[in-house]
file entry17.csv (CSV, C-alpha atoms and all ligand atoms)
chain,number,residue,atom,x,y,z
A,1,MET,CA,-11.4,38.6,-4.2
A,2,MET,CA,-9.0,35.8,-3.3
A,3,GLN,CA,-9.1,32.9,-5.7
A,4,GLN,CA,-10.2,29.6,-4.0
A,5,GLU,CA,-7.6,26.9,-4.5
A,6,ALA,CA,-9.1,23.7,-5.9
A,7,SER,CA,-9.0,21.0,-3.3
A,8,ARG,CA,-8.5,18.3,-6.0
A,9,PRO,CA,-7.6,18.3,-9.7
A,10,VAL,CA,-10.1,20.0,-11.9
A,11,ARG,CA,-11.2,17.3,-14.3
A,12,LYS,CA,-12.0,17.6,-18.0
A,13,ALA,CA,-15.6,16.5,-18.7
A,14,THR,CA,-15.6,13.9,-21.4
A,15,ARG,CA,-18.4,12.2,-23.3
A,16,PRO,CA,-19.7,9.6,-20.8
A,17,VAL,CA,-20.3,5.9,-21.5
A,18,GLN,CA,-21.8,3.2,-19.3
A,19,ALA,CA,-20.2,-0.2,-18.6
A,20,GLY,CA,-22.6,-2.1,-16.4
A,21,PRO,CA,-23.0,0.0,-13.2
A,22,ILE,CA,-19.9,2.0,-13.9
A,23,ARG,CA,-20.0,5.3,-15.7
A,24,ILE,CA,-16.8,6.2,-17.4
A,25,GLY,CA,-16.3,9.8,-18.4
A,26,GLY,CA,-18.4,12.9,-17.9
A,27,LEU,CA,-17.3,13.8,-14.4
A,28,ALA,CA,-17.9,10.3,-13.0
A,29,PRO,CA,-15.3,9.2,-10.4
A,30,VAL,CA,-12.2,7.9,-12.0
A,31,SER,CA,-12.6,4.1,-12.1
A,32,ILE,CA,-10.1,1.5,-11.3
A,33,GLN,CA,-9.4,-1.4,-13.7
A,34,SER,CA,-7.4,-4.6,-13.6
A,35,MET,CA,-7.1,-7.8,-15.5
A,36,THR,CA,-7.1,-11.4,-14.5
A,37,CYS,CA,-4.0,-13.6,-15.1
A,38,THR,CA,-5.7,-17.0,-14.6
A,39,ASP,CA,-6.2,-19.5,-17.3
A,40,PRO,CA,-9.2,-18.1,-19.2
A,41,HIS,CA,-10.6,-21.6,-19.6
A,42,ASP,CA,-10.6,-22.2,-15.8
A,43,ARG,CA,-13.9,-20.8,-14.7
A,44,ASP,CA,-13.4,-21.3,-10.9
A,45,ALA,CA,-9.9,-19.8,-10.7
A,46,THR,CA,-10.9,-16.8,-12.9
A,47,LEU,CA,-14.1,-16.1,-10.9
A,48,ARG,CA,-12.0,-16.4,-7.7
A,49,GLN,CA,-9.6,-13.8,-9.0
A,50,VAL,CA,-12.4,-11.5,-10.2
A,51,CYS,CA,-13.9,-11.6,-6.7
A,52,GLU,CA,-10.4,-10.9,-5.1
A,53,LEU,CA,-10.0,-7.9,-7.3
A,54,ALA,CA,-13.6,-6.7,-6.6
A,55,GLU,CA,-12.9,-7.1,-2.9
A,56,ALA,CA,-9.7,-5.0,-3.2
A,57,GLY,CA,-11.7,-2.1,-4.8
A,58,CYS,CA,-11.5,-2.8,-8.5
A,59,ASP,CA,-14.4,-1.3,-10.5
A,60,LEU,CA,-14.0,-3.1,-13.8
A,61,VAL,CA,-12.1,-6.4,-14.4
A,62,ARG,CA,-10.8,-7.3,-17.9
A,63,LEU,CA,-10.5,-10.9,-19.1
A,64,ALA,CA,-8.5,-12.1,-22.1
A,65,ILE,CA,-10.6,-14.0,-24.7
A,66,PRO,CA,-8.1,-15.9,-26.8
A,67,ASP,CA,-10.7,-18.4,-28.2
A,68,LEU,CA,-14.4,-19.4,-28.3
A,69,GLU,CA,-14.1,-21.7,-25.3
A,70,ALA,CA,-12.7,-18.7,-23.3
A,71,ALA,CA,-15.7,-16.6,-24.5
A,72,SER,CA,-18.0,-19.2,-23.1
A,73,VAL,CA,-16.2,-19.3,-19.7
A,74,PHE,CA,-16.3,-15.5,-19.8
A,75,GLY,CA,-20.1,-15.8,-19.9
A,76,GLN,CA,-20.2,-18.1,-16.9
A,77,VAL,CA,-17.9,-15.9,-14.9
A,78,ARG,CA,-20.0,-12.8,-15.9
A,79,ARG,CA,-23.2,-14.3,-14.5
A,80,GLN,CA,-21.6,-14.6,-11.1
A,81,SER,CA,-19.3,-11.7,-11.1
A,82,PRO,CA,-19.8,-8.9,-8.5
A,83,VAL,CA,-18.2,-6.3,-10.8
A,84,ALA,CA,-18.5,-5.3,-14.4
A,85,LEU,CA,-16.4,-7.4,-16.8
A,86,ILE,CA,-14.6,-6.3,-20.0
A,87,ALA,CA,-13.7,-8.8,-22.7
A,88,ASP,CA,-10.2,-8.2,-24.2
A,89,ILE,CA,-10.2,-9.3,-27.9
A,90,HIS,CA,-7.4,-9.4,-30.4
A,91,PHE,CA,-7.4,-10.4,-34.1
A,92,ASP,CA,-10.7,-12.4,-34.3
A,93,TYR,CA,-13.9,-10.3,-34.5
A,94,ARG,CA,-16.0,-13.4,-33.9
A,95,LEU,CA,-14.6,-13.6,-30.4
A,96,ALA,CA,-15.8,-10.0,-29.8
A,97,LEU,CA,-19.3,-10.9,-31.1
A,98,GLU,CA,-19.4,-14.0,-28.9
A,99,ALA,CA,-18.2,-12.1,-25.8
A,100,ILE,CA,-20.9,-9.4,-26.4
A,101,ARG,CA,-23.5,-12.2,-26.7
A,102,GLN,CA,-22.1,-13.7,-23.4
A,103,GLY,CA,-22.9,-10.4,-21.6
A,104,ALA,CA,-19.7,-8.4,-21.7
A,105,ASP,CA,-20.2,-5.0,-20.0
A,106,LYS,CA,-17.6,-3.5,-22.4
A,107,ILE,CA,-15.2,-4.8,-24.9
A,108,ARG,CA,-11.6,-3.8,-25.7
A,109,ILE,CA,-10.4,-4.2,-29.3
A,110,ASN,CA,-7.7,-2.8,-31.5
A,111,PRO,CA,-9.5,-1.9,-34.7
A,112,GLY,CA,-6.1,-2.1,-36.4
A,113,ASN,CA,-5.9,-5.9,-35.9
A,114,ILE,CA,-9.6,-7.0,-35.9
A,115,GLY,CA,-10.0,-7.0,-39.7
A,116,GLY,CA,-11.6,-5.0,-42.5
A,117,GLU,CA,-14.4,-2.4,-42.2
A,118,ASP,CA,-17.2,-5.0,-42.4
A,119,ARG,CA,-15.8,-6.8,-39.3
A,120,VAL,CA,-15.3,-3.6,-37.3
A,121,ARG,CA,-18.9,-2.7,-38.3
A,122,ALA,CA,-20.2,-6.0,-37.2
A,123,VAL,CA,-18.6,-5.6,-33.7
A,124,ALA,CA,-19.9,-2.0,-33.5
A,125,ASN,CA,-23.4,-3.0,-34.4
A,126,ALA,CA,-23.4,-5.8,-31.8
A,127,ALA,CA,-22.1,-3.5,-29.1
A,128,ARG,CA,-24.8,-0.9,-30.0
A,129,GLU,CA,-27.6,-3.4,-29.8
A,130,ARG,CA,-26.5,-4.4,-26.3
A,131,GLY,CA,-25.8,-0.8,-25.3
A,132,ILE,CA,-22.2,-1.4,-24.3
A,133,PRO,CA,-19.1,0.7,-24.9
A,134,ILE,CA,-16.0,-0.3,-26.8
A,135,ARG,CA,-12.5,0.7,-25.7
A,136,ILE,CA,-10.2,1.1,-28.6
A,137,GLY,CA,-6.6,0.6,-27.6
A,138,VAL,CA,-3.5,1.5,-29.5
A,139,ASN,CA,-0.1,0.3,-28.3
A,140,SER,CA,3.3,1.7,-29.1
A,141,GLY,CA,4.4,-1.7,-30.3
A,142,SER,CA,1.7,-2.0,-33.0
A,143,LEU,CA,1.8,1.3,-34.9
A,144,PRO,CA,1.2,1.0,-38.6
A,145,ARG,CA,4.3,1.4,-40.8
A,146,GLU,CA,3.0,4.5,-42.6
A,147,ILE,CA,2.5,6.4,-39.4
A,148,LEU,CA,5.9,5.4,-38.1
A,149,ALA,CA,7.5,6.6,-41.4
A,150,ARG,CA,5.6,9.9,-41.3
A,151,HIS,CA,6.6,10.7,-37.8
A,152,GLY,CA,10.1,9.1,-37.8
A,153,GLY,CA,9.3,6.6,-35.1
A,154,VAL,CA,7.2,6.1,-32.0
A,155,THR,CA,6.4,9.6,-31.0
A,156,ALA,CA,3.5,11.2,-29.1
A,157,GLU,CA,2.2,12.6,-32.4
A,158,ALA,CA,2.4,9.2,-34.1
A,159,LEU,CA,0.6,7.5,-31.3
A,160,SER,CA,-2.2,10.1,-31.1
A,161,GLU,CA,-2.6,10.0,-34.8
A,162,SER,CA,-3.0,6.3,-34.8
A,163,ALA,CA,-5.6,6.5,-32.0
A,164,LEU,CA,-7.5,9.2,-33.8
A,165,GLU,CA,-7.5,7.1,-36.9
A,166,ALA,CA,-9.0,4.2,-34.9
A,167,VAL,CA,-11.6,6.7,-33.5
A,168,ALA,CA,-12.5,7.7,-37.1
A,169,ARG,CA,-13.0,4.1,-38.1
A,170,MET,CA,-15.5,3.6,-35.3
A,171,GLU,CA,-17.2,6.9,-36.1
A,172,ALA,CA,-17.5,5.8,-39.7
A,173,CYS,CA,-19.5,2.8,-38.4
A,174,GLY,CA,-21.8,5.2,-36.6
A,175,PHE,CA,-20.4,4.2,-33.2
A,176,ALA,CA,-19.5,6.7,-30.6
A,177,ASP,CA,-19.7,5.0,-27.2
A,178,LEU,CA,-15.9,4.9,-27.1
A,179,VAL,CA,-13.2,4.9,-24.5
A,180,VAL,CA,-9.7,5.5,-26.0
A,181,SER,CA,-6.4,4.3,-24.7
A,182,VAL,CA,-2.8,4.7,-25.9
A,183,LYS,CA,-0.3,2.8,-24.0
A,184,SER,CA,3.5,2.7,-23.9
A,185,SER,CA,6.0,1.5,-21.4
A,186,ASP,CA,7.5,5.0,-21.3
A,187,PRO,CA,5.6,7.2,-18.8
A,188,TRP,CA,6.8,10.4,-20.4
A,189,LEU,CA,5.6,9.3,-23.8
A,190,THR,CA,2.3,8.2,-22.2
A,191,ILE,CA,1.9,11.7,-20.6
A,192,ARG,CA,2.6,13.6,-23.8
A,193,THR,CA,0.4,11.4,-26.0
A,194,ASN,CA,-2.6,11.6,-23.7
A,195,ARG,CA,-2.3,15.4,-23.4
A,196,ILE,CA,-2.6,15.6,-27.2
A,197,LEU,CA,-5.6,13.3,-27.3
A,198,SER,CA,-7.3,15.1,-24.5
A,199,ASP,CA,-6.9,18.4,-26.5
A,200,ARG,CA,-8.2,16.9,-29.8
A,201,MET,CA,-11.2,14.8,-28.8
A,202,SER,CA,-13.7,14.4,-26.0
A,203,TYR,CA,-14.0,10.7,-25.6
A,204,PRO,CA,-13.1,9.3,-22.2
A,205,LEU,CA,-9.4,8.2,-21.8
A,206,HIS,CA,-8.3,5.0,-20.3
A,207,LEU,CA,-4.8,5.6,-18.9
A,208,GLY,CA,-2.0,3.1,-18.3
A,209,VAL,CA,1.7,2.5,-18.6
A,210,THR,CA,2.2,-0.9,-20.1
A,211,GLU,CA,4.9,-3.4,-19.1
A,212,ALA,CA,5.5,-1.3,-16.1
A,213,GLY,CA,7.5,-4.1,-14.5
A,214,THR,CA,7.8,-5.6,-11.1
A,215,PRO,CA,5.7,-4.0,-8.3
A,216,ALA,CA,8.5,-1.9,-6.9
A,217,GLU,CA,9.5,-0.3,-10.2
A,218,GLY,CA,6.1,-0.5,-11.8
A,219,VAL,CA,4.2,1.4,-9.1
A,220,ILE,CA,6.6,4.3,-9.5
A,221,ARG,CA,6.4,4.4,-13.3
A,222,SER,CA,2.6,4.2,-13.1
A,223,ALA,CA,2.3,6.7,-10.4
A,224,VAL,CA,4.3,9.2,-12.4
A,225,GLY,CA,2.7,8.5,-15.8
A,226,ILE,CA,-0.9,8.1,-14.7
A,227,GLY,CA,-0.6,10.4,-11.7
A,228,THR,CA,0.7,13.3,-13.7
A,229,LEU,CA,-2.2,13.1,-16.2
A,230,LEU,CA,-4.8,12.7,-13.4
A,231,ALA,CA,-3.3,15.7,-11.7
A,232,GLU,CA,-4.0,17.7,-14.9
A,233,GLY,CA,-7.6,16.5,-15.0
A,234,ILE,CA,-6.9,14.1,-17.8
A,235,GLY,CA,-8.1,10.5,-17.6
A,236,ASP,CA,-11.4,8.8,-16.7
A,237,THR,CA,-10.4,5.2,-15.9
A,238,PHE,CA,-7.0,3.5,-15.6
A,239,ARG,CA,-5.1,0.3,-14.9
A,240,VAL,CA,-1.8,0.1,-13.0
A,241,SER,CA,0.0,-2.9,-14.8
A,242,LEU,CA,2.3,-4.9,-12.6
A,243,THR,CA,3.9,-8.3,-13.3
A,244,GLY,CA,2.3,-11.0,-11.2
A,245,ASP,CA,-0.7,-11.1,-8.9
A,246,PRO,CA,-3.1,-8.3,-10.1
A,247,VAL,CA,-4.5,-7.4,-6.6
A,248,PRO,CA,-1.5,-5.1,-5.8
A,249,GLU,CA,-2.5,-3.2,-9.0
A,250,VAL,CA,-5.7,-2.2,-7.4
A,251,HIS,CA,-4.0,-1.2,-4.1
A,252,ALA,CA,-1.6,1.0,-6.1
A,253,ALA,CA,-4.5,2.5,-8.1
A,254,ARG,CA,-6.4,3.4,-5.0
A,255,SER,CA,-3.3,4.9,-3.5
A,256,ILE,CA,-2.8,7.1,-6.7
A,257,LEU,CA,-6.4,8.3,-6.4
A,258,ARG,CA,-6.2,9.0,-2.7
A,259,THR,CA,-2.9,10.9,-3.2
A,260,LEU,CA,-4.6,13.2,-5.6
A,261,HIS,CA,-7.7,13.6,-3.5
A,262,LEU,CA,-9.7,11.9,-6.3
A,263,ALA,CA,-11.0,9.3,-3.8
A,264,PRO,CA,-11.8,9.3,-0.1
A,265,GLN,CA,-8.6,9.5,1.9
A,266,GLY,CA,-9.3,6.4,4.1
A,267,ILE,CA,-7.0,5.9,7.0
A,268,ARG,CA,-3.9,7.8,5.9
A,269,ILE,CA,-0.7,7.1,7.9
A,270,VAL,CA,2.1,9.7,7.8
A,271,SER,CA,5.4,8.9,9.5
A,272,CYS,CA,8.7,10.6,9.7
A,273,PRO,CA,11.9,9.1,8.1
A,274,THR,CA,13.5,8.8,11.6
A,275,CYS,CA,17.0,10.3,12.3
A,276,GLY,CA,19.6,10.4,15.1
A,277,ARG,CA,17.0,11.7,17.5
A,278,THR,CA,14.8,8.7,17.3
A,279,ARG,CA,14.8,6.6,20.5
A,280,VAL,CA,11.9,4.2,19.7
A,281,ASN,CA,11.6,1.5,17.0
A,282,LEU,CA,9.4,3.6,14.7
A,283,ALA,CA,9.5,1.3,11.7
A,284,ASP,CA,8.0,-1.6,13.7
A,285,THR,CA,5.4,0.7,15.2
A,286,VAL,CA,4.3,2.1,11.8
A,287,GLU,CA,4.2,-1.4,10.3
A,288,ALA,CA,2.0,-2.7,13.1
A,289,VAL,CA,-0.4,0.2,12.9
A,290,GLU,CA,-0.5,-0.1,9.1
A,291,ARG,CA,-1.5,-3.8,9.4
A,292,ALA,CA,-4.1,-3.1,12.1
A,293,VAL,CA,-5.9,-0.3,10.2
A,294,ALA,CA,-6.0,-2.1,6.9
A,295,GLY,CA,-9.4,-3.5,7.6
A,296,LEU,CA,-10.9,-0.3,9.0
A,297,SER,CA,-12.9,2.1,7.0
A,298,GLY,CA,-13.2,5.9,7.6
A,299,ASP,CA,-11.4,9.1,6.9
A,300,LEU,CA,-8.5,9.8,9.3
A,301,THR,CA,-4.9,11.0,9.2
A,302,VAL,CA,-2.7,9.2,11.6
A,303,ALA,CA,0.8,10.7,12.3
A,304,ILE,CA,3.5,8.5,13.8
A,305,MET,CA,6.7,10.6,14.5
A,306,GLY,CA,10.0,9.6,15.9
A,307,CYS,CA,10.5,12.4,18.3
A,308,ALA,CA,9.2,15.4,20.0
A,309,VAL,CA,11.1,17.9,17.8
A,310,ASN,CA,8.7,17.9,14.9
A,311,GLY,CA,6.7,15.1,16.3
A,312,PRO,CA,3.9,16.7,18.4
A,313,GLY,CA,3.6,19.5,15.9
A,314,GLU,CA,3.1,17.1,13.0
A,315,ALA,CA,0.9,14.8,15.1
A,316,ARG,CA,-1.3,17.7,16.1
A,317,GLU,CA,-2.0,18.5,12.4
A,318,ALA,CA,-3.2,14.9,12.1
A,319,ASP,CA,-6.4,13.6,13.6
A,320,VAL,CA,-4.5,11.3,15.9
A,321,GLY,CA,-0.9,10.4,16.4
A,322,LEU,CA,2.1,9.3,18.3
A,323,ALA,CA,5.4,11.2,18.9
A,324,GLY,CA,8.3,9.1,20.2
A,325,GLY,CA,10.2,9.8,23.4
A,326,ASP,CA,12.9,7.8,25.1
A,327,GLY,CA,11.2,4.3,25.2
A,328,ASP,CA,7.8,5.8,25.2
A,329,TYR,CA,5.4,7.8,23.1
A,330,LEU,CA,3.1,10.8,23.6
A,331,LEU,CA,-0.4,10.0,22.3
A,332,PHE,CA,-2.2,13.0,20.6
A,333,SER,CA,-5.7,13.3,19.4
A,334,LYS,CA,-7.5,16.2,17.7
A,335,GLY,CA,-4.7,18.6,18.7
A,336,GLN,CA,-4.5,17.6,22.4
A,337,VAL,CA,-1.8,15.5,24.2
A,338,LEU,CA,-3.8,12.7,25.8
A,339,ARG,CA,-1.0,11.0,27.7
A,340,LYS,CA,2.4,9.3,27.7
A,341,VAL,CA,2.3,5.5,26.8
A,342,PRO,CA,5.1,2.9,27.2
A,343,ALA,CA,6.4,1.9,23.7
A,344,ASP,CA,5.2,-1.6,24.0
A,345,ARG,CA,1.6,-0.4,24.5
A,346,ALA,CA,1.7,2.5,22.1
A,347,VAL,CA,0.1,0.6,19.1
A,348,GLU,CA,-2.7,-0.6,21.2
A,349,ALA,CA,-3.4,2.8,22.7
A,350,LEU,CA,-3.3,4.5,19.3
A,351,LEU,CA,-5.7,1.9,17.9
A,352,ASP,CA,-8.1,2.4,20.7
A,353,GLU,CA,-8.1,6.1,20.0
A,354,ILE,CA,-8.5,5.5,16.2
A,355,ARG,CA,-11.5,3.3,16.9
A,356,ARG,CA,-13.0,5.8,19.3
A,357,LEU,CA,-12.7,8.6,16.7
A,358,LEU,CA,-14.2,6.4,13.9
A,359,SER,CA,-17.1,5.4,16.1
A,360,GLU,CA,-17.8,9.2,16.6
A,361,GLY,CA,-17.6,9.7,12.8
A,362,GLY,CA,-13.9,10.9,12.7
A,401,LIG,S1,10.3,13.8,13.7
A,401,LIG,FE1,12.1,13.7,15.0
A,401,LIG,S2,12.9,11.6,14.7
A,401,LIG,FE2,11.6,12.0,13.0
A,401,LIG,S3,12.9,12.8,11.4
A,401,LIG,FE3,12.1,14.6,12.5
A,401,LIG,S4,13.6,15.1,14.0
A,401,LIG,FE4,14.0,13.0,13.4

call {"tool": "encode", "arguments": {"input": "entry17.csv", "output": "structure tokens"}}
result
Amino acid sequence: MMQQEASRPVRKATRPVQAGPIRIGGLAPVSIQSMTCTDPHDRDATLRQVCELAEAGCDLVRLAIPDLEAASVFGQVRRQSPVALIADIHFDYRLALEAIRQGADKIRINPGNIGGEDRVRAVANAARERGIPIRIGVNSGSLPREILARHGGVTAEALSESALEAVARMEACGFADLVVSVKSSDPWLTIRTNRILSDRMSYPLHLGVTEAGTPAEGVIRSAVGIGTLLAEGIGDTFRVSLTGDPVPEVHAARSILRTLHLAPQGIRIVSCPTCGRTRVNLADTVEAVERAVAGLSGDLTVAIMGCAVNGPGEAREADVGLAGGDGDYLLFSKGQVLRKVPADRAVEALLDEIRRLLSEGG
């Protein structure tokens, strides 16, 4: 019998945890995370950014909690937030306790810098009482000296060993509602480390490439690092880290999930690179269509091709499309040529057809 090819990556089932309404792990949909970059003492600005991220499609938003005042603001934002909030804590376990008291849906700590066993245990007990998970994060920049010496530097084995030690510390406190992350700015190191962790434990993995850089470079590094792992079925939640406004992180994350068929495709535009045969201004047409469909929801593939050589063929494989001629376009829909349209009316004609298909349910 012929083997059926999987239509999307076959995911590894991990031990699920619940962060507010979002399930992480098991075979729950891969969730998208981001982090606010506003002043954590400024409630209004932070809440506004949380809402923007939620609107863009972010499932979980993380807030840095550098002091007790920020923990109190976190509580105020939490009460009005449309999405689950994660408190990001470093160094001071009392901040973790306060953030939990303020209603955090999940907290992120590095057990290596939060203090002795009694402090880690206090945080674990408080999280257990509230029924929230803890993400334990290890970064390539903060590996203990003994591990570095044992492995001769920052290697995938060194990072995974450090993460597994952190897991063991939490397990010793009787706490197992864990999400584990190991982050590095090197996508290849991130890939190899998470492969090892996925083999050696069953806790959900939070993926990310840290300090990925400006949007142009960072999106590629994240798509390679995170995308490779997701394609192998590894990873339950992730953040694309980009310098600046966090909303583009969510757009990039959605795009990674769509590319791997791990999320609904939405309105997908395919367009040719153009060549010497192109007799229309394809770039402007694609840009105009992209802008116009941004607010539409539904599942459609739209092909916008520069000429009739590959154009109609490609466009026919899409739900709807345009193929450029000499100053005009052929409009296709569901495998049929509908008509020729002048170039200056092509976008409008295509959009009418897209709306018609969406109203009929694609
Ligand atoms: S579809 Fe036509 S215009 Fe576009 S790259 Fe191919 S041959 Fe060139």

call {"tool": "residues_around", "arguments": {"input": "entry17.csv", "residues": "Val167 (chain A)", "least_positions_apart": "2", "cutoff": "8 Å", "atoms": "all atoms listed in the file", "output": "list in words"}}
result
Ile136, Ala163, Leu164, Glu165, Arg169, Met170, Glu171, Leu178 and Val180 of chain A

call {"tool": "write_last_selection", "arguments": {"input": "entry17.csv", "atoms": "C-alpha atoms", "output": "tab-separated table (two decimals), keeping the file's coordinate frame"}}
result
chain	number	residue	atom	x	y	z
A	136	ILE	CA	-10.20	1.10	-28.60
A	163	ALA	CA	-5.60	6.50	-32.00
A	164	LEU	CA	-7.50	9.20	-33.80
A	165	GLU	CA	-7.50	7.10	-36.90
A	169	ARG	CA	-13.00	4.10	-38.10
A	170	MET	CA	-15.50	3.60	-35.30
A	171	GLU	CA	-17.20	6.90	-36.10
A	178	LEU	CA	-15.90	4.90	-27.10
A	180	VAL	CA	-9.70	5.50	-26.00

call {"tool": "closest_atom_pairs", "arguments": {"input": "entry17.csv", "of": "chain A", "to": "ligand LIG 401 (chain A)", "cutoff": "8 Å", "atoms": "all atoms listed in the file", "output": "tab-separated table"}}
result
residue	atom	partner	partner_atom	distance
A:Ser271	CA	A:LIG401	FE2	7.8
A:Cys272	CA	A:LIG401	FE2	4.6
A:Pro273	CA	A:LIG401	S3	5.1
A:Thr274	CA	A:LIG401	FE2	4.0
A:Cys275	CA	A:LIG401	FE4	4.2
A:Gly276	CA	A:LIG401	FE4	6.4
A:Arg277	CA	A:LIG401	S2	5.0
A:Thr278	CA	A:LIG401	S2	4.3
A:Arg279	CA	A:LIG401	S2	7.9
A:Met305	CA	A:LIG401	S1	4.9
A:Gly306	CA	A:LIG401	S2	3.7
A:Cys307	CA	A:LIG401	FE1	3.9
A:Ala308	CA	A:LIG401	FE1	6.0
A:Val309	CA	A:LIG401	FE1	5.1
A:Asn310	CA	A:LIG401	S1	4.6
A:Gly311	CA	A:LIG401	S1	4.6
A:Glu314	CA	A:LIG401	S1	8.0
A:Ala323	CA	A:LIG401	S1	7.6
A:Gly324	CA	A:LIG401	S2	7.6

call {"tool": "atom_distance", "arguments": {"input": "entry17.csv", "atom1": "CA of Asp326 (chain A)", "atom2": "CA of Asn281 (chain A)"}}
result
10.3 Å

call {"tool": "atom_distance", "arguments": {"input": "entry17.csv", "atom1": "CA of Val179 (chain A)", "atom2": "CA of Gly137 (chain A)"}}
result
8.5 Å

call {"tool": "atom_distance", "arguments": {"input": "entry17.csv", "atom1": "CA of Gly266 (chain A)", "atom2": "CA of Ala283 (chain A)"}}
result
20.9 Å

call {"tool": "residues_around", "arguments": {"input": "entry17.csv", "residues": "Ala126 (chain A)", "least_positions_apart": "5", "cutoff": "9 Å", "atoms": "all atoms listed in the file", "output": "PyMOL selection string"}}
result
chain A and resi 96-97+100-101+121+131-132

call {"tool": "closest_atom_pairs", "arguments": {"input": "entry17.csv", "of": "region 68-149 of chain A", "to": "region 210-226 of chain A", "cutoff": "12 Å", "atoms": "only C-alpha atoms", "output": "tab-separated table"}}
result
residue	atom	partner	partner_atom	distance
A:Gly137	CA	A:Thr210	CA	11.7
A:Val138	CA	A:Thr210	CA	11.3
A:Asn139	CA	A:Thr210	CA	8.6
A:Ser140	CA	A:Thr210	CA	9.4
A:Gly141	CA	A:Thr210	CA	10.5

call {"tool": "residues_around", "arguments": {"input": "entry17.csv", "residues": "region 202-205 of chain A", "least_positions_apart": "2", "cutoff": "10 Å", "atoms": "all atoms listed in the file", "output": "number ranges by chain"}}
result
A: 12-17, 24-27, 135-137, 167, 176-182, 194, 197-200, 207-208, 234-238

call {"tool": "closest_residue", "arguments": {"input": "entry17.csv", "among": "A:Ile256, A:Met35, A:Ile267, A:Ala64", "to": "Gly295 (chain A)", "atoms": "only C-alpha atoms"}}
result
A:Ile267

call {"tool": "closest_residue", "arguments": {"input": "entry17.csv", "among": "A:Leu95, A:Val120, A:Val286, A:Leu351", "to": "Ala166 (chain A)", "atoms": "all atoms listed in the file"}}
result
A:Val120

call {"tool": "closest_residue", "arguments": {"input": "entry17.csv", "among": "A:Leu68, A:Ala172, A:Ala56, A:Val250", "to": "Asn125 (chain A)", "atoms": "only C-alpha atoms"}}
result
A:Ala172

call {"tool": "closest_residue", "arguments": {"input": "entry17.csv", "among": "A:Val10, A:Leu338, A:Cys58, A:Val270", "to": "Arg239 (chain A)", "atoms": "only C-alpha atoms"}}
result
A:Cys58

call {"tool": "residues_around", "arguments": {"input": "entry17.csv", "residues": "region 70-85 of chain A", "least_positions_apart": "5", "cutoff": "10 Å", "atoms": "only C-alpha atoms", "output": "VMD selection string"}}
result
chain A and resid 19 to 22 33 to 35 39 to 48 50 to 51 53 to 55 57 to 65 94 to 107

call {"tool": "closest_residue", "arguments": {"input": "entry17.csv", "among": "A:Asp186, A:Glu348, A:Glu117, A:Glu249", "to": "Val289 (chain A)", "atoms": "all atoms listed in the file"}}
result
A:Glu348

call {"tool": "residues_around", "arguments": {"input": "entry17.csv", "residues": "Val341 (chain A)", "least_positions_apart": "3", "cutoff": "10 Å", "atoms": "all atoms listed in the file", "output": "list in words"}}
result
Leu322, Gly324, Gly325, Gly327, Asp328, Tyr329, Leu330, Leu331, Leu338, Asp344, Arg345, Ala346, Val347, Glu348, Ala349 and Leu350 of chain A

call {"tool": "write_last_selection", "arguments": {"input": "entry17.csv", "atoms": "C-alpha atoms", "output": "mmCIF file, keeping the file's coordinate frame"}}
result
data_model
loop_
_atom_site.group_PDB
_atom_site.id
_atom_site.type_symbol
_atom_site.label_atom_id
_atom_site.label_comp_id
_atom_site.auth_asym_id
_atom_site.auth_seq_id
_atom_site.Cartn_x
_atom_site.Cartn_y
_atom_site.Cartn_z
ATOM 1 C CA LEU A 322 2.100 9.300 18.300
ATOM 2 C CA GLY A 324 8.300 9.100 20.200
ATOM 3 C CA GLY A 325 10.200 9.800 23.400
ATOM 4 C CA GLY A 327 11.200 4.300 25.200
ATOM 5 C CA ASP A 328 7.800 5.800 25.200
ATOM 6 C CA TYR A 329 5.400 7.800 23.100
ATOM 7 C CA LEU A 330 3.100 10.800 23.600
ATOM 8 C CA LEU A 331 -0.400 10.000 22.300
ATOM 9 C CA LEU A 338 -3.800 12.700 25.800
ATOM 10 C CA ASP A 344 5.200 -1.600 24.000
ATOM 11 C CA ARG A 345 1.600 -0.400 24.500
ATOM 12 C CA ALA A 346 1.700 2.500 22.100
ATOM 13 C CA VAL A 347 0.100 0.600 19.100
ATOM 14 C CA GLU A 348 -2.700 -0.600 21.200
ATOM 15 C CA ALA A 349 -3.400 2.800 22.700
ATOM 16 C CA LEU A 350 -3.300 4.500 19.300
#

call {"tool": "closest_residue", "arguments": {"input": "entry17.csv", "among": "A:Asn110, A:Thr155, A:Thr38, A:Thr301", "to": "Pro264 (chain A)", "atoms": "only C-alpha atoms"}}
result
A:Thr301

call {"tool": "decode", "arguments": {"input": "entry17.csv", "residues": "region 112-116 of chain A", "atoms": "N, CA and C atoms", "output": "compact mmCIF listing (two decimals), in the first residue's frame"}}
result
# COMPACT_ATOMS: atom_id res chain seq x y z
N GLY A 112 19.16 28.91 37.82
CA GLY A 112 20.58 29.14 38.12
C GLY A 112 20.84 30.50 38.75
N ASN A 113 19.96 31.49 38.53
CA ASN A 113 20.25 32.80 39.12
C ASN A 113 19.19 33.27 40.12
N ILE A 114 18.30 32.35 40.52
CA ILE A 114 17.21 32.77 41.39
C ILE A 114 17.55 32.54 42.87
N GLY A 115 18.63 31.80 43.12
CA GLY A 115 19.06 31.60 44.51
C GLY A 115 19.10 30.13 44.88
N GLY A 116 19.28 29.87 46.18
CA GLY A 116 19.44 28.50 46.69
C GLY A 116 18.16 27.68 46.56
